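Next comes data_17.txt, with compact mmCIF, C-alpha atoms and all ligand atoms.
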```txt
# COMPACT_ATOMS: atom_id res chain seq x y z
CA MET A 17 0.00 0.00 0.00
CA THR A 18 1.50 3.34 -1.06
CA ALA A 19 0.07 6.65 0.12
CA THR A 20 -0.53 9.57 -2.24
CA LYS A 21 0.41 12.73 -0.35
CA GLY A 22 -2.57 15.06 -0.09
CA LEU A 23 -4.66 12.50 -2.03
CA GLU A 24 -3.57 14.27 -5.22
CA GLY A 25 -5.38 12.92 -8.27
CA ILE A 26 -7.46 10.46 -6.22
CA VAL A 27 -11.15 10.32 -7.18
CA ALA A 28 -12.78 9.88 -3.77
CA ALA A 29 -16.51 10.30 -4.51
CA GLU A 30 -19.11 10.49 -7.25
CA SER A 31 -20.97 13.79 -7.34
CA SER A 32 -23.41 15.51 -9.67
CA ILE A 33 -23.13 18.94 -8.03
CA SER A 34 -20.16 20.74 -9.56
CA SER A 35 -17.46 19.80 -12.01
CA ILE A 36 -14.02 21.04 -13.00
CA ILE A 37 -13.18 19.68 -16.43
CA ASP A 38 -10.32 21.12 -18.48
CA GLY A 39 -10.27 24.17 -16.23
CA VAL A 40 -13.99 24.89 -16.71
CA LEU A 41 -16.12 25.09 -13.56
CA THR A 42 -19.81 24.25 -13.72
CA TYR A 43 -22.54 23.99 -11.09
CA ARG A 44 -25.01 21.26 -12.14
CA GLY A 45 -23.83 21.75 -15.72
CA TYR A 46 -24.15 25.57 -15.76
CA ASN A 47 -20.93 27.41 -16.57
CA ILE A 48 -19.76 29.56 -13.67
CA ASP A 49 -19.23 32.51 -16.07
CA ASP A 50 -22.95 32.60 -16.94
CA LEU A 51 -24.02 32.22 -13.33
CA ALA A 52 -21.58 34.88 -12.10
CA GLU A 53 -22.87 37.39 -14.63
CA GLN A 54 -26.58 36.68 -14.39
CA ALA A 55 -27.69 34.68 -11.36
CA GLU A 56 -28.84 35.68 -7.93
CA PHE A 57 -27.08 33.72 -5.17
CA GLU A 58 -30.41 32.27 -3.95
CA GLU A 59 -31.01 30.75 -7.39
CA VAL A 60 -27.58 29.14 -7.21
CA ALA A 61 -28.24 27.71 -3.74
CA TYR A 62 -31.50 26.23 -5.04
CA LEU A 63 -29.67 24.84 -8.07
CA LEU A 64 -27.03 23.18 -5.89
CA TRP A 65 -29.62 21.64 -3.56
CA HIS A 66 -32.20 20.55 -6.13
CA GLY A 67 -30.28 20.06 -9.40
CA SER A 68 -32.29 22.57 -11.45
CA LEU A 69 -32.80 26.33 -11.42
CA PRO A 70 -35.97 27.48 -9.62
CA ASN A 71 -38.96 28.95 -11.44
CA ARG A 72 -40.36 32.25 -10.13
CA GLU A 73 -42.68 30.58 -7.63
CA GLN A 74 -39.96 28.28 -6.26
CA LEU A 75 -37.56 31.19 -5.94
CA ASP A 76 -40.13 33.34 -4.14
CA GLN A 77 -40.80 30.47 -1.77
CA LEU A 78 -37.09 30.03 -1.05
CA HIS A 79 -36.73 33.77 -0.40
CA LYS A 80 -39.55 33.56 2.11
CA GLN A 81 -38.10 30.47 3.84
CA LEU A 82 -34.69 32.15 4.08
CA SER A 83 -36.20 35.36 5.37
CA ASP A 84 -38.32 33.51 7.95
CA SER A 85 -35.28 31.59 9.20
CA ALA A 86 -32.65 34.37 9.32
CA LYS A 87 -33.34 35.49 12.89
CA LEU A 88 -30.97 33.87 15.39
CA PRO A 89 -32.11 32.19 18.62
CA ASP A 90 -31.81 34.70 21.51
CA GLY A 91 -29.77 32.15 23.45
CA LEU A 92 -27.17 31.99 20.67
CA ILE A 93 -26.82 35.78 20.59
CA SER A 94 -26.33 35.85 24.37
CA GLN A 95 -23.73 33.09 24.04
CA MET A 96 -21.83 34.92 21.28
CA LYS A 97 -21.72 38.04 23.44
CA LEU A 98 -19.75 36.00 25.99
CA TYR A 99 -17.03 35.08 23.49
CA PRO A 100 -13.72 36.88 24.22
CA LYS A 101 -13.39 40.13 22.23
CA GLU A 102 -10.03 38.89 20.85
CA MET A 103 -11.83 35.91 19.28
CA ASN A 104 -10.72 34.51 15.96
CA THR A 105 -13.81 35.07 13.81
CA MET A 106 -13.64 31.64 12.15
CA ALA A 107 -13.28 29.93 15.53
CA ALA A 108 -16.30 31.93 16.73
CA LEU A 109 -18.28 30.94 13.62
CA ARG A 110 -17.32 27.29 14.12
CA SER A 111 -18.54 27.42 17.76
CA ALA A 112 -21.75 29.27 16.91
CA VAL A 113 -22.71 26.88 14.10
CA SER A 114 -22.01 23.92 16.34
CA SER A 115 -24.28 25.51 18.97
CA LEU A 116 -27.08 26.05 16.43
CA ALA A 117 -27.78 22.31 16.63
CA LEU A 118 -28.69 22.73 20.30
CA TYR A 119 -31.54 25.07 19.35
CA ASP A 120 -32.97 22.78 16.67
CA PRO A 121 -35.29 20.06 17.98
CA GLU A 122 -34.94 18.29 14.60
CA ALA A 123 -31.12 18.36 14.63
CA ASP A 124 -30.92 14.56 14.59
CA ASP A 125 -33.90 13.91 12.32
CA MET A 126 -32.25 12.19 9.36
CA SER A 127 -35.20 12.36 6.93
CA ARG A 128 -34.57 14.07 3.58
CA GLU A 129 -37.27 16.70 4.30
CA ALA A 130 -35.76 17.59 7.68
CA ASN A 131 -32.26 17.80 6.21
CA GLU A 132 -33.44 20.03 3.35
CA ARG A 133 -35.12 22.28 5.90
CA LYS A 134 -31.89 22.40 7.92
CA ALA A 135 -29.88 23.26 4.80
CA VAL A 136 -32.12 26.31 4.27
CA LEU A 137 -31.88 27.20 7.96
CA LEU A 138 -28.07 27.03 7.93
CA GLN A 139 -27.97 29.11 4.74
CA ALA A 140 -30.25 31.69 6.35
CA GLN A 141 -28.48 31.81 9.70
CA LEU A 142 -24.80 31.82 8.75
CA PRO A 143 -24.96 35.40 7.39
CA SER A 144 -26.73 36.51 10.59
CA ILE A 145 -24.09 34.78 12.73
CA VAL A 146 -21.14 36.25 10.81
CA ALA A 147 -22.58 39.77 10.93
CA ALA A 148 -23.32 39.38 14.65
CA ILE A 149 -19.78 38.12 15.39
CA ALA A 150 -18.25 41.04 13.48
CA ARG A 151 -20.37 43.57 15.38
CA ILE A 152 -19.89 41.97 18.81
CA LYS A 153 -16.13 41.87 18.23
CA SER A 154 -16.10 45.59 17.53
CA GLY A 155 -18.25 46.34 20.60
CA GLN A 156 -21.53 46.88 18.73
CA GLU A 157 -24.97 45.33 19.14
CA PRO A 158 -25.98 42.77 16.47
CA VAL A 159 -28.51 44.04 13.93
CA ALA A 160 -31.61 41.90 13.34
CA PRO A 161 -32.12 40.68 9.74
CA LYS A 162 -34.40 42.63 7.41
CA GLU A 163 -37.37 40.89 5.84
CA GLY A 164 -37.86 40.58 2.09
CA VAL A 165 -34.32 41.32 0.91
CA SER A 166 -31.65 39.10 -0.66
CA ILE A 167 -28.91 37.38 1.34
CA ALA A 168 -26.32 39.75 -0.18
CA GLU A 169 -28.27 42.87 0.81
CA ASN A 170 -29.24 41.50 4.21
CA PHE A 171 -25.68 40.57 5.13
CA LEU A 172 -24.25 43.99 4.24
CA TYR A 173 -27.13 45.62 6.11
CA MET A 174 -26.62 43.46 9.23
CA LEU A 175 -22.88 44.18 9.15
CA THR A 176 -23.20 47.98 9.09
CA GLY A 177 -26.77 48.68 10.23
CA GLU A 178 -27.23 50.76 7.06
CA ALA A 179 -28.87 50.02 3.72
CA PRO A 180 -26.01 49.11 1.32
CA GLU A 181 -25.54 50.73 -2.08
CA GLU A 182 -26.84 48.83 -5.08
CA ILE A 183 -23.35 48.38 -6.54
CA ALA A 184 -22.13 46.81 -3.27
CA VAL A 185 -25.06 44.36 -3.23
CA LYS A 186 -24.38 43.43 -6.87
CA ALA A 187 -20.68 42.83 -6.25
CA PHE A 188 -21.31 40.89 -3.07
CA ASN A 189 -23.96 38.74 -4.75
CA GLN A 190 -21.48 37.90 -7.49
CA ALA A 191 -18.81 36.96 -4.94
CA LEU A 192 -21.32 34.66 -3.24
CA VAL A 193 -22.16 32.97 -6.55
CA LEU A 194 -18.47 32.45 -7.32
CA HIS A 195 -17.70 30.81 -3.97
CA ALA A 196 -20.78 28.59 -3.67
CA ASP A 197 -19.33 25.21 -4.57
CA HIS A 198 -16.13 23.64 -5.80
CA GLU A 199 -16.24 19.89 -6.19
CA LEU A 200 -14.24 17.97 -3.58
CA ASN A 201 -12.29 20.83 -1.98
CA ALA A 202 -10.91 20.22 1.53
CA SER A 203 -13.84 21.66 3.52
CA THR A 204 -16.47 19.87 1.42
CA PHE A 205 -14.54 16.63 1.78
CA ALA A 206 -14.39 17.20 5.55
CA ALA A 207 -18.17 17.69 5.60
CA ARG A 208 -18.74 14.51 3.60
CA VAL A 209 -16.38 12.45 5.78
CA THR A 210 -18.21 13.65 8.90
CA VAL A 211 -21.74 12.93 7.71
CA ALA A 212 -20.76 9.62 6.12
CA THR A 213 -20.69 8.27 9.69
CA LEU A 214 -24.41 9.25 9.69
CA SER A 215 -23.64 12.13 11.98
CA ASP A 216 -25.94 15.17 11.64
CA ILE A 217 -25.77 18.08 9.17
CA TYR A 218 -24.60 20.55 11.86
CA SER A 219 -21.60 18.32 12.61
CA GLY A 220 -20.81 18.22 8.88
CA VAL A 221 -20.93 22.00 8.50
CA THR A 222 -18.93 22.51 11.69
CA SER A 223 -16.19 20.20 10.36
CA ALA A 224 -16.25 22.08 7.06
CA ILE A 225 -15.81 25.46 8.79
CA GLY A 226 -12.81 24.07 10.66
CA ALA A 227 -11.24 22.99 7.38
CA LEU A 228 -12.06 26.24 5.57
CA LYS A 229 -10.32 28.28 8.31
CA GLY A 230 -6.82 27.17 7.30
CA PRO A 231 -4.68 29.56 5.20
CA LEU A 232 -4.09 26.91 2.53
CA HIS A 233 -7.85 26.93 1.89
CA GLY A 234 -10.42 29.68 2.66
CA GLY A 235 -8.16 31.42 5.16
CA ALA A 236 -6.02 32.55 2.22
CA ASN A 237 -8.30 35.53 1.44
CA GLU A 238 -7.53 37.14 4.81
CA ALA A 239 -3.84 36.24 4.40
CA VAL A 240 -3.82 38.03 1.01
CA ALA A 241 -5.29 41.15 2.61
CA ASN A 242 -2.68 40.99 5.38
CA MET A 243 0.02 40.78 2.71
CA LEU A 244 -1.37 43.78 0.80
CA TYR A 245 -1.46 45.85 4.00
CA GLU A 246 2.06 44.74 4.92
CA ILE A 247 3.38 45.75 1.50
CA GLY A 248 1.60 49.10 1.80
CA SER A 249 2.23 50.63 -1.64
CA LEU A 250 2.98 49.86 -5.27
CA ASP A 251 6.55 51.12 -4.80
CA GLU A 252 7.23 48.49 -2.14
CA THR A 253 5.62 45.63 -4.05
CA ASP A 254 8.56 44.39 -6.14
CA GLY A 255 11.00 44.27 -3.21
CA TYR A 256 8.55 42.49 -0.92
CA ILE A 257 7.47 39.86 -3.43
CA GLN A 258 10.95 39.27 -4.82
CA LYS A 259 12.23 38.58 -1.30
CA LYS A 260 9.46 36.05 -0.75
CA LEU A 261 10.11 34.37 -4.09
CA ASP A 262 13.86 34.23 -3.39
CA ASN A 263 13.15 32.64 0.02
CA ARG A 264 10.76 30.17 -1.65
CA ASP A 265 7.98 31.41 0.64
CA LYS A 266 4.38 30.79 -0.40
CA ILE A 267 2.55 33.77 -1.83
CA MET A 268 -1.01 33.58 -0.59
CA GLY A 269 -3.80 33.56 -3.17
CA PHE A 270 -1.68 31.76 -5.79
CA GLY A 271 -1.62 28.16 -6.95
CA HIS A 272 -4.27 25.50 -6.92
CA ARG A 273 -4.42 21.73 -6.66
CA VAL A 274 -6.72 21.38 -9.67
CA TYR A 275 -6.29 24.50 -11.82
CA LYS A 276 -2.86 24.69 -13.34
CA ASN A 277 -3.78 27.22 -16.07
CA GLY A 278 -5.78 29.61 -13.91
CA ASP A 279 -8.88 29.66 -11.76
CA PRO A 280 -11.93 30.68 -13.85
CA ARG A 281 -13.38 32.60 -10.89
CA ALA A 282 -10.38 34.90 -10.53
CA LYS A 283 -11.10 37.00 -13.66
CA HIS A 284 -14.54 37.95 -12.36
CA LEU A 285 -13.10 38.99 -9.01
CA GLN A 286 -10.28 40.89 -10.70
CA LYS A 287 -12.79 42.86 -12.80
CA MET A 288 -14.87 43.55 -9.71
CA SER A 289 -11.79 44.66 -7.79
CA ARG A 290 -10.82 47.11 -10.56
CA GLU A 291 -14.33 48.53 -10.84
CA LEU A 292 -14.74 49.00 -7.08
CA CYS A 293 -11.27 50.58 -6.71
CA GLU A 294 -12.06 53.01 -9.55
CA LEU A 295 -15.40 53.83 -7.95
CA ASN A 296 -13.64 54.53 -4.66
CA ASN A 297 -11.07 56.71 -6.49
CA ASP A 298 -8.16 54.71 -5.14
CA THR A 299 -6.70 52.02 -7.37
CA SER A 300 -3.59 51.40 -5.25
CA MET A 301 -4.75 48.03 -3.94
CA TYR A 302 -5.75 46.87 -7.41
CA ASP A 303 -2.46 48.11 -8.90
CA MET A 304 -0.47 46.27 -6.23
CA SER A 305 -2.47 43.08 -6.85
CA VAL A 306 -1.85 43.24 -10.60
CA ARG A 307 1.88 43.78 -10.03
CA ILE A 308 2.02 40.82 -7.63
CA GLU A 309 0.30 38.69 -10.25
CA GLU A 310 2.85 39.79 -12.91
CA LEU A 311 5.74 38.84 -10.64
CA VAL A 312 4.40 35.54 -9.31
CA THR A 313 3.03 34.31 -12.63
CA GLY A 314 6.09 35.56 -14.48
CA GLN A 315 8.61 33.85 -12.24
CA LYS A 316 6.76 30.80 -10.89
CA GLY A 317 4.04 30.22 -13.47
CA LEU A 318 1.48 30.24 -10.64
CA LYS A 319 -1.88 31.92 -11.31
CA PRO A 320 -4.18 33.70 -8.84
CA ASN A 321 -6.90 31.60 -7.27
CA VAL A 322 -10.35 32.68 -6.01
CA ASP A 323 -8.85 34.06 -2.79
CA PHE A 324 -6.49 36.57 -4.43
CA TYR A 325 -8.72 39.30 -5.87
CA SER A 326 -11.56 38.63 -3.41
CA ALA A 327 -9.32 40.23 -0.77
CA SER A 328 -9.33 43.59 -2.56
CA VAL A 329 -13.02 43.26 -3.47
CA TYR A 330 -14.06 42.88 0.17
CA THR A 331 -11.66 45.62 1.26
CA GLN A 332 -13.23 47.99 -1.27
CA LEU A 333 -16.65 47.09 0.13
CA GLY A 334 -15.40 48.42 3.48
CA ILE A 335 -15.36 44.99 5.16
CA GLU A 336 -12.83 44.16 7.89
CA ARG A 337 -10.19 41.56 6.98
CA GLU A 338 -11.16 39.15 9.75
CA VAL A 339 -14.61 38.76 8.19
CA PHE A 340 -13.28 37.65 4.78
CA THR A 341 -13.05 33.92 5.51
CA PRO A 342 -16.39 33.83 7.35
CA ILE A 343 -17.89 35.42 4.20
CA PHE A 344 -16.52 32.49 2.22
CA ALA A 345 -18.45 30.21 4.60
CA ILE A 346 -21.68 32.21 4.07
CA SER A 347 -21.52 31.25 0.42
CA ARG A 348 -19.96 27.79 0.65
CA VAL A 349 -22.55 26.54 3.13
CA SER A 350 -24.82 26.16 0.08
CA GLY A 351 -22.32 23.74 -1.48
CA TRP A 352 -21.50 21.98 1.79
CA THR A 353 -25.15 21.25 2.50
CA ALA A 354 -25.77 20.13 -1.11
CA HIS A 355 -22.88 17.68 -0.76
CA ILE A 356 -24.13 16.50 2.63
CA LEU A 357 -27.60 15.79 1.15
CA GLU A 358 -25.93 13.95 -1.74
CA GLN A 359 -23.76 11.92 0.66
CA TYR A 360 -26.79 10.84 2.72
CA GLU A 361 -28.60 9.72 -0.45
CA ASN A 362 -25.94 7.16 -1.36
CA ASN A 363 -23.91 6.71 1.78
CA ARG A 364 -21.01 4.52 2.71
CA ILE A 365 -18.66 5.37 5.56
CA ILE A 366 -15.47 7.04 4.25
CA ARG A 367 -12.56 5.14 5.67
CA PRO A 368 -9.38 4.95 3.59
CA ARG A 369 -6.17 3.18 4.64
CA ALA A 370 -2.79 4.53 5.81
CA GLU A 371 0.62 3.36 4.65
CA TYR A 372 2.32 2.45 7.92
CA THR A 373 5.79 4.02 8.29
CA GLY A 374 6.38 3.52 12.04
CA PRO A 375 8.55 0.98 13.88
CA ALA A 376 7.73 -2.73 13.98
CA ASN A 377 8.15 -5.54 16.50
CA GLN A 378 8.44 -3.30 19.59
CA ARG A 379 8.52 -5.07 22.94
CA TYR A 380 6.46 -3.60 25.78
CA ILE A 381 8.58 -2.60 28.82
CA PRO A 382 6.69 -1.72 32.04
CA VAL A 383 6.86 1.98 32.89
CA ASP A 384 9.23 1.68 35.89
CA LEU A 385 11.74 -0.30 33.83
CA ARG A 386 11.95 2.23 30.97
C1 LIG B 1 -10.35 28.46 -1.96
C2 LIG B 1 -9.06 27.81 -1.97
O1 LIG B 1 -8.82 26.97 -1.16
S1 LIG B 1 -7.96 28.26 -3.17
C3 LIG B 1 -6.35 27.96 -2.44
C4 LIG B 1 -6.08 28.96 -1.37
N1 LIG B 1 -4.73 28.78 -0.81
C5 LIG B 1 -3.71 29.60 -1.08
O2 LIG B 1 -3.82 30.55 -1.84
C6 LIG B 1 -2.43 29.30 -0.37
C7 LIG B 1 -1.24 29.32 -1.30
N2 LIG B 1 -1.27 28.20 -2.22
C8 LIG B 1 -0.88 26.95 -1.80
O3 LIG B 1 -0.43 26.75 -0.67
C9 LIG B 1 -1.00 25.80 -2.78
O4 LIG B 1 -0.87 26.25 -4.10
C10 LIG B 1 -2.34 25.04 -2.62
C11 LIG B 1 -2.56 24.64 -1.16
C12 LIG B 1 -3.50 25.90 -3.07
C13 LIG B 1 -2.29 23.79 -3.48
O5 LIG B 1 -1.36 22.93 -2.94
P1 LIG B 1 -0.75 21.68 -3.70
O6 LIG B 1 -1.62 21.23 -4.78
O7 LIG B 1 -0.37 20.68 -2.67
O8 LIG B 1 0.53 22.28 -4.39
P2 LIG B 1 1.98 22.28 -3.78
O9 LIG B 1 1.97 23.00 -2.48
O10 LIG B 1 2.52 20.90 -3.80
O11 LIG B 1 2.71 23.16 -4.85
C14 LIG B 1 3.49 22.70 -5.94
C15 LIG B 1 4.72 23.57 -6.04
O12 LIG B 1 4.34 24.94 -6.24
C16 LIG B 1 4.76 25.74 -5.16
N3 LIG B 1 3.68 26.62 -4.78
C17 LIG B 1 2.37 26.31 -4.73
N4 LIG B 1 1.65 27.37 -4.34
C18 LIG B 1 2.54 28.35 -4.14
C19 LIG B 1 2.39 29.69 -3.73
N5 LIG B 1 1.20 30.19 -3.46
N6 LIG B 1 3.51 30.46 -3.64
C20 LIG B 1 4.71 29.94 -3.92
N7 LIG B 1 4.92 28.67 -4.31
C21 LIG B 1 3.84 27.89 -4.42
C22 LIG B 1 5.05 24.77 -4.02
O13 LIG B 1 6.00 25.28 -3.11
C23 LIG B 1 5.57 23.57 -4.78
O14 LIG B 1 6.88 23.82 -5.15
P3 LIG B 1 7.99 22.67 -5.10
O15 LIG B 1 7.49 21.60 -6.03
O16 LIG B 1 9.24 23.35 -5.54
O17 LIG B 1 8.03 22.21 -3.67
O1 LIG B 2 -11.00 23.29 -4.69
C1 LIG B 2 -10.11 23.59 -3.89
O2 LIG B 2 -9.15 22.84 -3.59
C2 LIG B 2 -10.11 24.92 -3.25
C3 LIG B 2 -11.01 25.90 -3.90
O3 LIG B 2 -10.68 26.52 -4.89
C4 LIG B 2 -12.35 26.08 -3.35
O4 LIG B 2 -12.71 25.40 -2.40
O5 LIG B 2 -13.09 26.94 -3.86
```
Take the structure in the file and write it out as structure tokens.
Amino acid sequence: MTATKGLEGIVAAESSISSIIDGVLTYRGYNIDDLAEQAEFEEVAYLLWHGSLPNREQLDQLHKQLSDSAKLPDGLISQMKLYPKEMNTMAALRSAVSSLALYDPEADDMSREANERKAVLLQAQLPSIVAAIARIKSGQEPVAPKEGVSIAENFLYMLTGEAPEEIAVKAFNQALVLHADHELNASTFAARVTVATLSDIYSGVTSAIGALKGPLHGGANEAVANMLYEIGSLDETDGYIQKKLDNRDKIMGFGHRVYKNGDPRAKHLQKMSRELCELNNDTSMYDMSVRIEELVTGQKGLKPNVDFYSASVYTQLGIEREVFTPIFAISRVSGWTAHILEQYENNRIIRPRAEYTGPANQRYIPVDLR
């Protein structure tokens, strides 16, 4: 038995949710480019869960279900207020989502209907949790969700307490669409491994959040923003990046296990980043990002992934860096829950083997004789 490090190239599940073939990403057969330009995030969530786009009536019904479910249990808000102010926002999100199960009397109901209902509930409540965590961390009261508005608008409203501009809602909606699902990425795999033991959907999403937190996965968007702040200006960019390249350090937001010729989501985020920077009359962050791309792609052949330009997009929307990875989770929970539902439908416990590399034939010596 020989192990493949990082399971590279291993096909570990069948799935009909999203595909990456020859560098083209589709959700249920729809090209991500079309969805990014035209779809509302709620339509995409429906598509991932049900396999087809909703008609007007189905979409209206989903909007209503999401709106009805967006308010958080009072007990959860009280609990989040007790988290230390220095909390890591992804750790707080992980704890809060785990706690959500305690407030759901159907948490362990494994019927398809109950799990679909919980998928909608998680999709509705994650934005409310993330906005509440961000506000509590900065010493502000959480803002209750608004009725009858989209997830993108509601999240930006709950974050600031003010009605967001139309352009911000449009950009944020597009970012949500672009992050919604991505085949068997690490967090989705973690979710599937967890629920394949027939554990509940909350456990699956909690595992996924833990996996997304790492800087090699979703945590890279915050790490990119930290890098841009550390560099500070276009003039400093070449020196900073060259030093990292010479030291063979990783440059966050570049490279991908599957895409070797570029991530199809990055161009949309790059365009959005440029437009928002121009609108804000300050293109310095965009200019720095483009220069970093020139250097890293030029010297290492590595292309930006979804996390690279999303950092400047969220910054231009006035969002704090520590909320970037939780925002990823707000979108990806649609994909995680779709994969969890798919796993339950055709389940077998996921239990691979390890190639043993430790010592053999050890003799036990009692503790006082060692
Ligand atoms: C939503 C997402 O999860 S997208 C990914 C977000 N993560 C990041 O942006 C973090 C930076 N990127 C990386 O760490 C990696 O490219 C990953 C984790 C995305 C993919 O990892 P893997 O498929 O295991 O690629 P691996 O790390 O083996 O890279 C292959 C080679 O490219 C190099 N490389 C890969 N990414 C980078 C990078 N960002 N900067 C510099 N060098 C890199 C590696 O050092 C390695 O070089 P070597 O063969 O000389 O040792
Ligand atoms: O697929 C991956 O390995 C990481 C990724 O881009 C994502 O989860 O969106």
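Using only C-alpha atoms and all ligand atoms, the smallest distance between any of A:Glu73, A:Glu169, A:Asp279, A:Glu310 and ligand LIG 2 (chain B) comes from A:Asp279.
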**Message:** Show me which residues line ligand LIG 2 (chain B), defined as having an atom within 9 Å of a ligand atom where all atoms listed in the file count, and present them as a PyMOL selection string.
**Reply:** chain A and resi 194-204+228+232-234+272-275+279+281+321-323+344+348
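We find atom C4 of ligand LIG 1 (chain B) and CA of Ser328 in chain A to be spaced 15.0 Å apart.
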**Residue among A:Gly164, A:Gly91, A:Pro70, A:Gly177 lying closest to Ala150 in chain A, counting all atoms listed in the file** =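 Of A:Gly164, A:Gly91, A:Pro70, A:Gly177, the one nearest Ala150 in chain A, counting all atoms listed in the file, is A:Gly177.
Using only C-alpha atoms and all ligand atoms, the smallest distance between any of A:Val329, A:Leu357, A:Met96, A:Ala239 and ligand LIG 1 (chain B) comes from A:Ala239.
When all atoms listed in the file are used to measure the gap to Asn104 in chain A, the shortest distance among A:Leu175, A:Met301, A:Ile33, A:Ile149 belongs to A:Ile149.
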**Request:** Name the residues in contact with Ile48 in chain A at a cut-off of 12 Å, using all atoms listed in the file, excluding same-chain residues fewer than 2 positions from it; report them as a count of residues only.
**Result:** 34
Taking every listed atom of ligand LIG 1 (chain B) and adding 3 Å to each side, what centre and edge lengths in Å (one decimal) does the axis-aligned box have, as AutoDock Vina command-line options?
```
--center_x -0.6 --center_y 25.6 --center_z -3.3 --size_x 25.6 --size_y 15.9 --size_z 11.9
```
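When only C-alpha atoms and all ligand atoms are used to compute distances to ligand LIG 1 (chain B), the closest of the residues A:Lys316, A:Lys101, A:Arg72, A:Arg386 turns out to be A:Lys316.
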**Item:** Selection: 7 Å around Leu69 in chain A, all atoms listed in the file, excl. self and same-chain fewer than 6 positions, as a list of chain:residue names
**Value:**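 Contacts, with the query itself left out: A:Glu59, A:Tyr62, A:Leu63.
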**Request:** Have a look at CA of Lys87 in chain A and CA of Leu172 in chain A and let me know their distance in Å, one decimal.
**Result:**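 A separation of 15.2 Å between them.
Among the candidates A:Ser219, A:Gln258, A:Thr331, A:Asn377, the residue lying nearest to ligand LIG 1 (chain B) is A:Gln258 (atoms considered: only C-alpha atoms and all ligand atoms).
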**Request:** For Thr105 in chain A, please output as a PyMOL selection string all residues within 10 Å (counting all atoms listed in the file; exclusion window: fewer than 5 positions along the same chain).
**Result:** chain A and resi 110-111+146+149-150+153+229+338-342
**Spatial neighbours of Glu163 in chain A, 9 Å, all atoms listed in the file, chain gap at least 6 places, as a PyMOL selection string** = chain A and resi 80+83-84+86+170
**Prompt:** Just how far from CA of Cys293 in chain A is CA of Gln156 in chain A, in Å to one decimal?
**Reply:**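 That distance, rounded to one decimal, is 27.7 Å.
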**Message:** Using only C-alpha atoms - which residues lie no farther than 12 Å from the point (-24.7, 33.6, 22.1) in the file's frame? Write them as a ChimeraX atom specification.
**Reply:** /A:88-100,108-109,111-116,118-119,145,148-149,152,158
If we count only C-alpha atoms and set the cut-off at 7 Å, which residues sit around range 132-143 of chain A, ignoring sequence neighbours fewer than 5 positions away in its own chain? Please answer as a compact mmCIF listing (two decimals) with C-alpha atoms, keeping the file's coordinate frame.
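Saved to around.txt:
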```txt
# COMPACT_ATOMS: atom_id res chain seq x y z
CA LEU A 82 -34.69 32.15 4.08
CA SER A 85 -35.28 31.59 9.20
CA ALA A 86 -32.65 34.37 9.32
CA LYS A 87 -33.34 35.49 12.89
CA LEU A 88 -30.97 33.87 15.39
CA PHE A 171 -25.68 40.57 5.13
CA ILE A 346 -21.68 32.21 4.07
CA VAL A 349 -22.55 26.54 3.13
CA SER A 350 -24.82 26.16 0.08
CA THR A 353 -25.15 21.25 2.50
```
